[in-house]
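Trainee: File name input.txt; file contents compact mmCIF, C-alpha atoms; full text below.
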# COMPACT_ATOMS: atom_id res chain seq x y z
CA MET A 15 -31.07 203.74 52.92
CA GLY A 16 -27.77 205.34 53.68
CA HIS A 17 -24.73 205.35 51.47
CA THR A 18 -24.94 203.52 48.13
CA PRO A 19 -21.91 201.23 47.75
CA TYR A 20 -19.46 201.88 44.92
CA GLY A 21 -20.57 199.92 41.85
CA TYR A 22 -24.29 200.52 42.24
CA ARG A 23 -26.79 203.19 41.30
CA ILE A 24 -30.30 203.74 42.59
CA ILE A 25 -32.90 203.96 39.82
CA ASN A 26 -36.60 204.25 40.66
CA GLY A 27 -35.92 203.17 44.25
CA LYS A 28 -34.03 200.01 43.26
CA ALA A 29 -30.33 199.28 43.33
CA VAL A 30 -28.91 198.39 39.93
CA ILE A 31 -25.37 197.57 38.89
CA ASP A 32 -23.44 200.46 37.37
CA GLU A 33 -21.50 198.49 34.75
CA GLN A 34 -18.55 200.89 34.53
CA THR A 35 -17.86 201.08 38.27
CA ALA A 36 -18.80 197.44 38.83
CA GLU A 37 -16.01 196.40 36.48
CA ARG A 38 -13.62 198.49 38.62
CA ILE A 39 -14.72 196.59 41.73
CA LYS A 40 -14.01 193.28 39.98
CA ILE A 41 -10.57 194.53 38.94
CA LEU A 42 -9.93 195.66 42.52
CA PHE A 43 -10.67 192.19 43.90
CA GLN A 44 -8.60 190.44 41.23
CA SER A 45 -5.63 192.79 41.64
CA TYR A 46 -5.66 192.35 45.39
CA LEU A 47 -5.78 188.58 45.03
CA THR A 48 -2.80 188.60 42.66
CA GLY A 49 -0.68 190.18 45.40
CA ASP A 50 -1.07 193.92 44.89
CA SER A 51 -1.33 196.18 47.91
CA LEU A 52 -4.59 197.96 48.63
CA ALA A 53 -3.34 201.22 47.12
CA THR A 54 -1.88 199.54 44.03
CA ALA A 55 -5.02 197.47 43.46
CA ALA A 56 -7.14 200.62 43.72
CA LYS A 57 -4.86 202.45 41.30
CA LYS A 58 -5.08 199.60 38.78
CA ALA A 59 -8.87 199.62 39.13
CA GLU A 60 -8.88 203.42 38.70
CA ILE A 61 -10.59 203.87 42.06
CA ILE A 62 -9.62 206.98 43.96
CA ALA A 63 -9.76 206.00 47.62
CA PHE A 64 -7.59 205.82 50.70
CA HIS A 65 -6.23 202.61 52.19
CA ALA A 66 -9.08 202.23 54.71
CA GLY A 67 -11.76 202.89 52.10
CA VAL A 68 -10.34 200.22 49.79
CA SER A 69 -10.18 197.79 52.71
CA ARG A 70 -13.85 198.46 53.50
CA MET A 71 -14.74 197.82 49.85
CA LEU A 72 -13.06 194.42 50.04
CA GLN A 73 -15.09 193.62 53.18
CA ASN A 74 -18.47 194.89 51.92
CA LYS A 75 -20.81 191.89 51.91
CA ARG A 76 -23.32 193.75 49.76
CA TYR A 77 -21.14 192.88 46.77
CA LEU A 78 -22.25 189.27 47.30
CA GLY A 79 -25.84 190.37 46.76
CA ASP A 80 -28.81 190.55 49.09
CA GLU A 81 -32.52 191.34 48.84
CA TYR A 82 -31.77 194.90 47.73
CA TYR A 83 -28.39 194.81 45.98
CA PRO A 84 -27.65 192.45 43.06
CA ALA A 85 -24.45 190.40 43.29
CA LEU A 86 -21.26 191.92 41.87
CA ILE A 87 -18.68 189.44 43.18
CA ASP A 88 -18.97 185.67 43.42
CA PRO A 89 -18.69 184.15 46.92
CA ASP A 90 -15.40 182.34 46.14
CA THR A 91 -13.64 185.58 45.16
CA PHE A 92 -15.02 187.42 48.18
CA THR A 93 -13.96 184.63 50.56
CA ALA A 94 -10.49 184.45 48.99
CA ALA A 95 -10.02 188.22 49.33
CA GLU A 96 -11.10 188.13 52.99
CA ALA A 97 -8.72 185.24 53.72
CA GLU A 98 -5.88 187.09 51.98
CA ARG A 99 -6.63 190.26 53.96
CA ILE A 100 -6.49 188.34 57.24
CA ARG A 101 -3.32 186.47 56.18
CA ARG A 102 -1.55 189.75 55.36
CA ALA A 103 -2.67 191.36 58.62
CA GLU A 104 -1.36 188.41 60.64
CA LYS A 105 1.92 188.42 58.71
CA LEU A 106 2.42 192.11 59.51
CA GLY A 107 1.44 191.63 63.16
CA ARG A 108 -1.70 193.74 62.91
CA VAL A 109 -4.05 191.26 64.54
CA ARG A 110 -4.58 191.95 68.20
CA GLU A 111 -6.04 189.42 70.56
CA PRO A 112 -8.63 190.87 72.93
CA LYS A 113 -7.31 191.36 76.44
CA VAL A 114 -8.63 188.97 79.04
CA LYS A 115 -10.41 190.93 81.72
CA LYS A 116 -9.41 190.20 85.28
CA GLU A 117 -12.19 189.20 87.61
CA VAL A 118 -12.64 191.82 90.30
CA VAL A 119 -13.74 190.62 93.71
CA TYR A 120 -15.42 193.31 95.79
CA PRO A 121 -15.57 193.31 99.60
CA THR A 122 -18.82 191.91 100.93
CA ALA A 123 -18.56 192.74 104.63
CA PHE A 124 -16.98 195.49 106.70
CA ARG A 125 -16.07 195.67 110.38
CA ILE A 126 -14.70 198.56 112.34
CA SER A 127 -12.83 198.47 115.61
CA GLU A 128 -13.63 200.85 118.43
CA GLY A 129 -11.56 204.02 118.08
CA THR A 130 -9.47 205.00 121.05
CA GLU A 131 -7.51 207.98 119.76
CA GLN A 132 -8.67 211.52 119.14
CA PHE A 133 -6.85 213.97 116.86
CA ASP A 134 -7.30 217.74 116.59
CA ASP A 135 -6.69 217.62 112.83
CA PRO A 136 -9.88 216.31 111.10
CA PHE A 137 -7.80 214.77 108.30
CA GLN A 138 -5.72 212.79 110.76
CA GLN A 139 -8.90 211.72 112.57
CA ALA A 140 -10.47 210.53 109.30
CA GLU A 141 -7.30 208.69 108.33
CA TYR A 142 -7.27 206.99 111.73
CA ALA A 143 -10.96 206.06 111.46
CA TYR A 144 -10.46 204.53 108.01
CA SER A 145 -7.47 202.56 109.28
CA LEU A 146 -9.79 200.79 111.71
CA ILE A 147 -12.00 199.36 108.94
CA GLU A 148 -11.41 195.71 108.15
CA THR A 149 -12.83 194.19 104.96
CA GLU A 150 -13.92 190.67 104.39
CA VAL A 151 -14.16 189.27 100.88
CA ASN A 152 -16.29 186.22 100.17
CA VAL A 153 -15.18 184.79 96.86
CA ASP A 154 -18.27 182.59 96.50
CA GLY A 155 -20.58 185.59 96.97
CA GLY A 156 -22.03 184.33 100.27
CA GLN A 157 -22.22 186.22 103.58
Can you dump the structure from the file as structure tokens?

Mentor:
Amino acid sequence: MGHTPYGYRIINGKAVIDEQTAERIKILFQSYLTGDSLATAAKKAEIIAFHAGVSRMLQNKRYLGDEYYPALIDPDTFTAAEAERIRRAEKLGRVREPKVKKEVVYPTAFRISEGTEQFDDPFQQAEYAYSLIETEVNVDGGQ
């Protein structure tokens, strides 16, 4: 296992609830749901953490319980906190829609005309040769 979430301790290879810190997690959720900011809710819960760390605590699904961690928070409280977090983010304009990627159509056939001019400068000759190339794009992917 990696990091043990705040509110738990590992004893004899099993996760158990640390009653003192678990109560702080419950206070954190309740304070946030009553309208406190992340920092204020953490301060009321006596949790020393930055804004992002508190946000991750509110999103940690392990607090709901799984096969290894016992439940600390009931599903209704967790769902309400997640909905409140999303509501506040939308209100502040912090929700970004993913950009729609443009479809790129690549050339599928090339033709070149017969060159008639010769240049002493190799760069001019290359530029002239490239200007003779015509591309054909088949949108349906056929030839």

Trainee: Go ahead and compute the interatomic distance for atom CA of Arg102 of chain A and atom CA of Ser45 of chain A, in Å to one decimal.

Mentor: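 According to the coordinates, atom CA of Arg102 of chain A and atom CA of Ser45 of chain A are separated by 14.6 Å.
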
Trainee: Fewer than 4 positions away in the same chain doesn't count, so skip those; otherwise give me all residues within 12 Å of Ala53 of chain A, counting all atoms listed in the file, as a PyMOL selection string.

Mentor: chain A and resi 42+45-46+49+57-69

Trainee: Looking at only C-alpha atoms, which of A:Pro19, A:Asp135, A:Tyr142, A:Leu47 is the one that sits closest to Arg101 of chain A?

Mentor: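 Ranking A:Pro19, A:Asp135, A:Tyr142, A:Leu47 by distance to Arg101 of chain A, first place goes to A:Leu47.
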
Trainee: Of the candidates A:Glu98, A:Glu33, A:Asp134, A:Asp50, which one gets nearest to Leu86 of chain A if we count only C-alpha atoms?

Mentor: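 The closest residue to Leu86 of chain A is A:Glu33.
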
Trainee: What's the separation between atom CA of Leu78 of chain A and atom CA of Glu104 of chain A, in Å to one decimal place?

Mentor: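 Here the two named atoms are 24.8 Å from each other.
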
Trainee: Return the single residue from A:Asp88, A:Glu128, A:Asp80, A:Glu111 that is closest to Ile39 of chain A, with distances computed using only C-alpha atoms.

Mentor: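 Of A:Asp88, A:Glu128, A:Asp80, A:Glu111, the one nearest Ile39 of chain A, counting only C-alpha atoms, is A:Asp88.
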
Trainee: Which residue is closest to Ala29 of chain A? Choose from A:Leu146, A:Val114, A:His17, A:Leu72 and count all atoms listed in the file.

Mentor: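 Going through A:Leu146, A:Val114, A:His17, A:Leu72 one by one, the smallest distance to Ala29 of chain A is for A:His17.
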
Trainee: With all atoms listed in the file as the basis for distance, which of A:Leu52, A:Ile147, A:Val30, A:Ala85 is at the shortest distance from Phe124 of chain A?

Mentor: A:Ile147

Trainee: So which one's closest to Arg99 of chain A, A:Ser51, A:Asn26, A:Thr122, A:Gln34? Using all atoms listed in the file, please.

Mentor: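 When distances to Arg99 of chain A are compared using all atoms listed in the file, the smallest one comes from A:Ser51.
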
Trainee: Please report the interatomic distance between atom CA of Ile31 of chain A and atom CA of Tyr83 of chain A in Å with one decimal.

Mentor: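 Computed distance, atom CA of Ile31 of chain A to atom CA of Tyr83 of chain A, equals 8.2 Å.
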
Trainee: Listed atoms of segment 44-53 of chain A, axis-aligned box, 5 Å per side: centre and edge lengths to one decimal in Å, as JSON?

Mentor:
{"center_x": -4.6, "center_y": 194.9, "center_z": 44.9, "size_x": 17.9, "size_y": 22.6, "size_z": 17.4}
